[in-house]
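What follows is the content of entry02.cif (mmCIF, C-alpha atoms).
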```cif
data_protein
#
loop_
_atom_site.label_atom_id
_atom_site.label_comp_id
_atom_site.auth_asym_id
_atom_site.auth_seq_id
_atom_site.Cartn_x
_atom_site.Cartn_y
_atom_site.Cartn_z
CA MET A 700 182.28 23.95 115.60
CA THR A 701 181.31 25.53 112.30
CA GLN A 702 179.64 28.47 114.05
CA ALA A 703 182.70 29.00 116.25
CA GLN A 704 184.93 28.94 113.17
CA GLU A 705 182.76 31.52 111.42
CA THR A 706 182.87 33.74 114.50
CA ALA A 707 186.65 33.47 114.60
CA ASP A 708 186.89 34.38 110.92
CA GLN A 709 184.91 37.57 111.54
CA VAL A 710 187.22 38.76 114.30
CA VAL A 711 189.76 41.31 113.06
CA LEU A 712 192.99 40.79 114.94
CA ALA A 713 194.95 43.58 113.24
CA GLU A 714 193.72 46.34 110.98
CA GLY A 715 195.74 49.01 109.24
CA VAL A 716 199.10 47.64 110.33
CA ASP A 717 200.41 47.91 106.77
CA GLU A 718 199.39 51.54 106.38
CA GLU A 719 202.12 54.15 106.43
CA PRO A 720 201.67 56.62 109.29
CA VAL A 721 201.27 60.20 108.10
CA GLU A 722 203.04 62.88 110.11
CA ARG A 723 200.85 65.76 111.19
CA ASN A 724 202.95 68.29 109.31
CA ARG A 725 203.30 66.31 106.08
CA ARG A 726 201.52 67.66 103.05
CA LEU A 727 199.23 65.33 101.10
CA PHE A 728 199.54 66.37 97.48
CA THR A 729 197.16 65.44 94.69
CA ASN A 730 197.07 65.65 90.89
CA LYS A 731 199.77 67.87 89.34
CA SER A 732 201.47 68.79 92.60
CA TYR A 733 201.73 65.09 93.46
CA LEU A 734 203.32 64.33 90.09
CA PHE A 735 205.69 67.29 90.46
CA VAL A 736 206.98 66.14 93.85
CA ALA A 737 207.25 62.56 92.59
CA ALA A 738 209.30 63.75 89.60
CA ILE A 739 211.63 65.77 91.84
CA ALA A 740 212.09 62.80 94.18
CA THR A 741 212.80 60.52 91.22
CA LEU A 742 215.37 62.95 89.82
CA TYR A 743 216.98 63.19 93.27
CA ALA A 744 217.27 59.41 93.54
CA LEU A 745 218.50 59.14 89.94
CA THR A 746 221.24 61.68 90.66
CA HIS A 747 222.48 59.50 93.49
CA MET A 748 222.56 56.40 91.30
CA ILE A 749 224.35 58.20 88.47
CA ALA A 750 226.85 59.93 90.76
CA LEU A 751 227.78 56.74 92.59
CA ASN A 752 228.08 54.58 89.49
CA GLY A 753 230.06 56.90 87.25
CA VAL A 754 227.53 57.15 84.41
CA SER A 755 228.82 59.53 81.75
CA ILE A 756 226.85 60.68 78.70
CA ARG A 757 230.11 61.90 77.16
CA ASP A 758 231.76 58.48 77.51
CA TRP A 759 228.71 56.65 76.20
CA THR A 760 227.86 58.84 73.23
CA GLY A 761 230.83 61.13 72.66
CA ILE A 762 228.46 64.11 72.92
CA ASN A 763 229.66 66.91 75.18
CA ILE A 764 226.68 68.58 76.87
CA PRO A 765 227.70 71.75 78.73
CA LEU A 766 226.89 72.43 82.40
CA LEU A 767 226.55 68.74 83.25
CA PRO A 768 228.46 67.62 86.36
CA THR A 769 231.35 65.21 86.07
CA PHE A 770 230.68 61.66 87.22
CA PRO A 771 231.70 59.94 89.37
CA MET A 772 231.16 63.04 91.48
CA GLU A 773 233.86 64.29 93.81
CA THR A 774 233.00 63.24 97.36
CA TRP A 775 232.43 66.64 98.95
CA ASN A 776 230.47 67.85 95.92
CA PHE A 777 228.26 64.79 96.21
CA ARG A 778 227.57 65.59 99.86
CA ILE A 779 226.63 69.16 98.99
CA VAL A 780 224.19 67.99 96.30
CA HIS A 781 222.80 65.33 98.63
CA VAL A 782 222.07 67.73 101.50
CA SER A 783 220.74 70.47 99.23
CA GLY A 784 218.33 68.13 97.47
CA ALA A 785 217.15 66.61 100.74
CA LEU A 786 216.46 70.06 102.19
CA ALA A 787 214.55 71.18 99.10
CA LEU A 788 212.40 68.04 99.16
CA GLY A 789 211.88 68.32 102.90
CA PHE A 790 210.71 71.92 102.68
CA LEU A 791 208.20 71.00 99.97
CA LEU A 792 206.91 67.85 101.67
CA PHE A 793 206.59 69.08 105.25
CA ALA A 794 204.98 72.21 106.62
CA ALA A 795 206.54 74.46 109.23
CA ARG A 796 203.61 73.81 111.60
CA LEU A 797 201.32 70.93 112.43
CA PHE A 798 198.06 70.70 110.52
CA PRO A 799 195.06 70.91 112.87
CA ASP A 800 192.18 68.46 112.81
CA THR A 801 189.91 71.17 111.43
CA GLU A 802 191.39 72.96 108.45
CA ARG A 803 192.24 76.62 108.93
CA PRO A 804 191.30 79.23 106.31
CA GLU A 805 194.06 80.06 103.87
CA THR A 806 196.01 83.30 104.19
CA ARG A 807 196.07 84.07 100.48
CA MET A 808 197.32 87.65 100.76
CA LEU A 809 200.13 86.59 103.07
CA SER A 810 201.16 83.84 100.65
CA LEU A 811 201.15 86.24 97.70
CA ALA A 812 203.29 88.68 99.66
CA GLY A 813 205.61 85.83 100.59
CA LEU A 814 206.20 84.99 96.94
CA GLY A 815 208.04 88.29 96.75
CA LEU A 816 210.81 86.64 98.77
CA ILE A 817 211.61 84.57 95.69
CA LEU A 818 213.17 87.68 94.13
CA PRO A 819 216.10 88.04 96.58
CA ALA A 820 216.61 84.27 96.44
CA LEU A 821 216.89 84.44 92.65
CA VAL A 822 219.29 87.38 92.91
CA ALA A 823 221.53 85.27 95.15
CA GLY A 824 221.19 82.37 92.70
CA TYR A 825 222.20 84.57 89.78
CA MET A 826 225.29 85.72 91.68
CA ALA A 827 226.19 82.12 92.52
CA LEU A 828 226.05 81.24 88.82
CA SER A 829 228.15 84.30 87.97
CA PHE A 830 230.73 83.15 90.51
CA ALA A 831 230.85 79.75 88.78
CA VAL A 832 231.37 81.43 85.40
CA LYS A 833 234.18 83.56 86.84
CA ILE A 834 235.89 80.52 88.38
CA ASN A 835 235.68 78.58 85.11
CA SER A 836 236.92 81.52 83.05
CA GLY A 837 240.54 80.86 83.99
CA THR A 838 241.16 84.53 84.81
CA LEU A 839 241.60 84.02 88.55
CA PRO A 840 245.07 83.52 90.05
CA GLN A 841 246.22 79.92 90.34
CA MET A 842 247.64 78.12 93.35
CA GLY A 843 248.75 74.52 93.11
CA GLY A 844 246.93 74.13 89.81
CA LEU A 845 243.64 75.38 91.27
CA SER A 846 241.93 78.72 90.88
CA THR A 847 241.99 80.85 94.02
CA TRP A 848 238.91 82.50 95.48
CA ALA A 849 240.22 85.70 97.03
CA ALA A 850 237.11 86.73 98.95
CA PHE A 851 238.78 88.92 101.54
CA PRO A 852 237.39 92.14 103.01
CA GLY A 853 238.08 94.98 100.63
CA THR A 854 238.14 92.86 97.47
CA GLU A 855 235.55 93.06 94.72
CA ILE A 856 234.61 89.39 95.14
CA TYR A 857 234.02 89.88 98.86
CA ASN A 858 231.78 92.89 98.27
CA GLN A 859 229.77 90.98 95.67
CA GLU A 860 229.42 88.00 97.99
CA VAL A 861 228.12 90.12 100.84
CA THR A 862 225.97 92.59 98.90
CA TRP A 863 224.50 90.50 96.11
CA PHE A 864 224.66 86.98 97.51
CA GLY A 865 224.75 86.88 101.30
CA ILE A 866 222.31 89.67 102.15
CA PRO A 867 219.63 88.66 99.59
CA LEU A 868 219.94 85.03 100.69
CA LEU A 869 219.53 85.99 104.35
CA ILE A 870 216.50 88.14 103.55
CA ALA A 871 214.85 85.30 101.63
CA THR A 872 215.72 82.63 104.20
CA PHE A 873 214.73 84.41 107.39
CA GLY A 874 211.75 86.04 105.71
CA ALA A 875 210.47 82.61 104.68
CA ILE A 876 211.07 81.20 108.17
CA VAL A 877 209.02 83.97 109.78
CA LEU A 878 206.37 83.66 107.08
CA GLY A 879 206.02 79.96 107.83
CA TRP A 880 204.91 80.77 111.38
CA PHE A 881 201.82 82.63 110.16
CA GLU A 882 201.03 81.31 106.67
CA ASN A 883 198.09 78.93 106.31
CA THR A 884 197.58 76.79 103.22
CA HIS A 885 195.52 73.71 102.51
CA ARG A 886 197.33 70.46 103.07
CA HIS A 887 197.44 69.61 99.38
CA ARG A 888 198.98 72.96 98.35
CA PHE A 889 202.52 74.30 98.36
CA ALA A 890 203.20 77.09 100.82
CA ALA A 891 205.02 80.19 99.61
CA SER A 892 207.42 79.99 102.55
CA ASP A 893 208.32 76.39 101.75
CA ILE A 894 208.91 77.21 98.08
CA VAL A 895 211.28 80.04 99.02
CA LEU A 896 213.21 77.83 101.45
CA ALA A 897 213.54 75.09 98.82
CA ILE A 898 214.95 77.63 96.35
CA CYS A 899 217.38 78.89 99.01
CA ALA A 900 218.64 75.34 99.59
CA VAL A 901 219.42 74.98 95.89
CA VAL A 902 221.06 78.42 95.76
CA VAL A 903 223.42 77.51 98.60
CA ALA A 904 224.53 74.44 96.64
CA LEU A 905 225.04 76.55 93.52
CA TYR A 906 227.44 78.67 95.55
CA LEU A 907 229.30 75.96 97.46
CA LEU A 908 229.95 73.68 94.48
CA PRO A 909 232.09 76.10 92.44
CA VAL A 910 233.69 77.91 95.40
CA TYR A 911 234.85 74.72 97.10
CA SER A 912 236.16 73.43 93.80
CA THR A 913 238.89 76.07 94.07
CA ALA A 914 241.86 76.34 96.40
CA ALA A 915 239.38 77.61 99.00
CA ARG A 916 238.90 73.93 99.85
CA ASN A 917 242.19 74.16 101.76
CA SER A 918 240.57 76.57 104.24
CA VAL A 919 238.47 73.77 105.71
CA GLY A 920 241.37 71.34 105.85
CA THR A 921 240.01 68.82 103.35
CA SER A 922 241.63 67.71 100.15
CA PHE A 923 239.90 66.62 96.96
CA VAL A 924 238.79 63.02 97.26
CA LEU A 925 237.42 61.28 94.21
CA SER A 926 234.58 58.83 94.45
CA ALA A 927 235.49 55.23 95.15
CA TRP A 928 234.30 54.25 91.66
CA PRO A 929 235.92 52.49 89.94
CA LEU A 930 237.67 50.60 92.71
CA PRO A 931 241.36 49.88 92.10
CA ARG A 932 242.07 46.25 91.36
CA ARG A 933 244.72 44.59 93.49
CA ARG A 934 246.10 41.11 93.58
CA LEU A 935 247.16 39.23 96.65
CA GLY A 936 250.61 40.40 97.65
CA ASP A 937 250.39 43.80 95.93
CA ASP A 938 251.80 46.72 97.89
CA PRO A 939 248.91 49.18 98.57
CA ARG A 940 251.43 52.02 98.76
CA ALA A 941 252.02 51.62 95.03
CA ASP A 942 248.60 53.19 94.20
#
```

Here is a file; write its structure as structure tokens.
Amino acid sequence: MTQAQETADQVVLAEGVDEEPVERNRRLFTNKSYLFVAAIATLYALTHMIALNGVSIRDWTGINIPLLPTFPMETWNFRIVHVSGALALGFLLFAARLFPDTERPETRMLSLAGLGLILPALVAGYMALSFAVKINSGTLPQMGGLSTWAAFPGTEIYNQEVTWFGIPLLIATFGAIVLGWFENTHRHRFAASDIVLAICAVVVALYLLPVYSTAARNSVGTSFVLSAWPLPRRRLGDDPRAD
């Protein structure tokens, strides 16, 4: 009986069931790159918690720090930030191709050339920030209390959008996509193509946030909807139409 019990104790019924499966295109970072991705993921999660709970440094301390978003965040703005951050993290965490069982040699020269695609992405990002400054300047025509974004063919804004925002962003995006088909990096390293795509995701958010905070929001048929925080307090018998 004792020998049978010892034999049963040595039998492994399940092994590795608590281990997280690793996708074949997921990067396995170490050291500083691991800490960097962990910090970005933490900041991304923290932004969600702050945006959904209405945390305000200005309300807590009375200190007005410029360029900080307003919380609770407007619903559509929150969605833009959510998708942009998820894309940036996804591009950094997952490669464009599957990693083979035997590691391929790195294409260093191709990666260095691909880093040049960061330049048009930064140009588009600079223009997105300049658009935000122009919208907040109060010099644009008003409609219904909101600044208008007159980006029609033939206008200066339209030409700037196409020439200095749209075209550079397309060059960076499609260039990085094509680069990802051929670029080889070790599994614990960032790929140049993924870095460029992550930057492009952030640049798109930098453009959409200010532009769709103007009367241009009406073009997509959605009104401004504030976050559900704080929830309105009602008593039994109150007329909801009174809100």

Can you tell me, as an MDAnalysis selection string, what residues are no more than 7 Å from Leu896 (chain A) when counting all atoms listed in the file, ignoring any on the same chain fewer than 2 positions away? chainID A and resid 790 872 875 892:894 898:900

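Proximity of A:Val895, A:Leu839, A:Leu907, A:Ile817 to Leu786 (chain A), computed with all atoms listed in the file, is greatest for A:Val895.
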
Which residue of A:Ile856, A:Met748, A:Leu908, A:Arg888 approaches Asn730 (chain A) most closely, using only C-alpha atoms: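 Under the stated criterion, the closest residue is A:Arg888.
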
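Note that CA of His885 (chain A) and CA of Pro804 (chain A) are 7.9 Å apart.
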
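Proximity ranking of A:Leu742, A:Ala890, A:Leu869, A:Leu792 relative to Leu814 (chain A) places A:Ala890 first, based on all atoms listed in the file.
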
So which residues fall inside 6 Å of (222.8, 89.8, 96.1) if we count all atoms listed in the file? Mind giving them as a PyMOL selection string? chain A and resi 822-823+862-864+867

Expand the PyMOL selection byres ((chain A and resi 795) around 9) into the individual residues it matches in the shown file, reporting them as a ChimeraX atom specification. /A:724,790,793-794,796-797,876,879-880,892-893

Distance in Å - CA of Gln841 (chain A) versus CA of Val901 (chain A):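 Calculated distance between CA of Gln841 (chain A) and CA of Val901 (chain A) is 27.8 Å.
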
Between CA of Ala831 (chain A) and CA of Thr913 (chain A), measure the distance and give it in Å to one decimal. 10.3 Å

Between A:Tyr911, A:Tyr825, A:Tyr743, A:Phe735, single out the one closest to Ala785 (chain A), counting all atoms listed in the file.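 Closest candidate: A:Tyr743.
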
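Residues in contact with Leu816 (chain A) at up to 8 Å, not including ones fewer than 2 positions away on its chain and judged by all atoms listed in the file, are Ala812, Gly813, Leu814, Leu818, Pro819, Ala820, Ile870, Ala871, Gly874, Ala875 and Val895 of chain A.
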
For Arg803 (chain A), which residue among A:Pro720, A:Glu714, A:Gln859, A:Arg886 is the nearest when counting all atoms listed in the file?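 Among the listed residues, A:Arg886 lies closest to Arg803 (chain A).
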
Using all atoms listed in the file, can you tell me which of A:Leu809, A:Leu727, A:Leu791, A:Glu718 comes closest to Phe889 (chain A)?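 The answer is A:Leu791, which sits nearest to Phe889 (chain A).
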
Name the residues captured by the PyMOL selection byres ((chain A and resi 850) around 12) when it is applied to the shown file; answer as a VMD selection string. chain A and resid 830 839 847 to 849 851 to 861 910 913 to 915 918
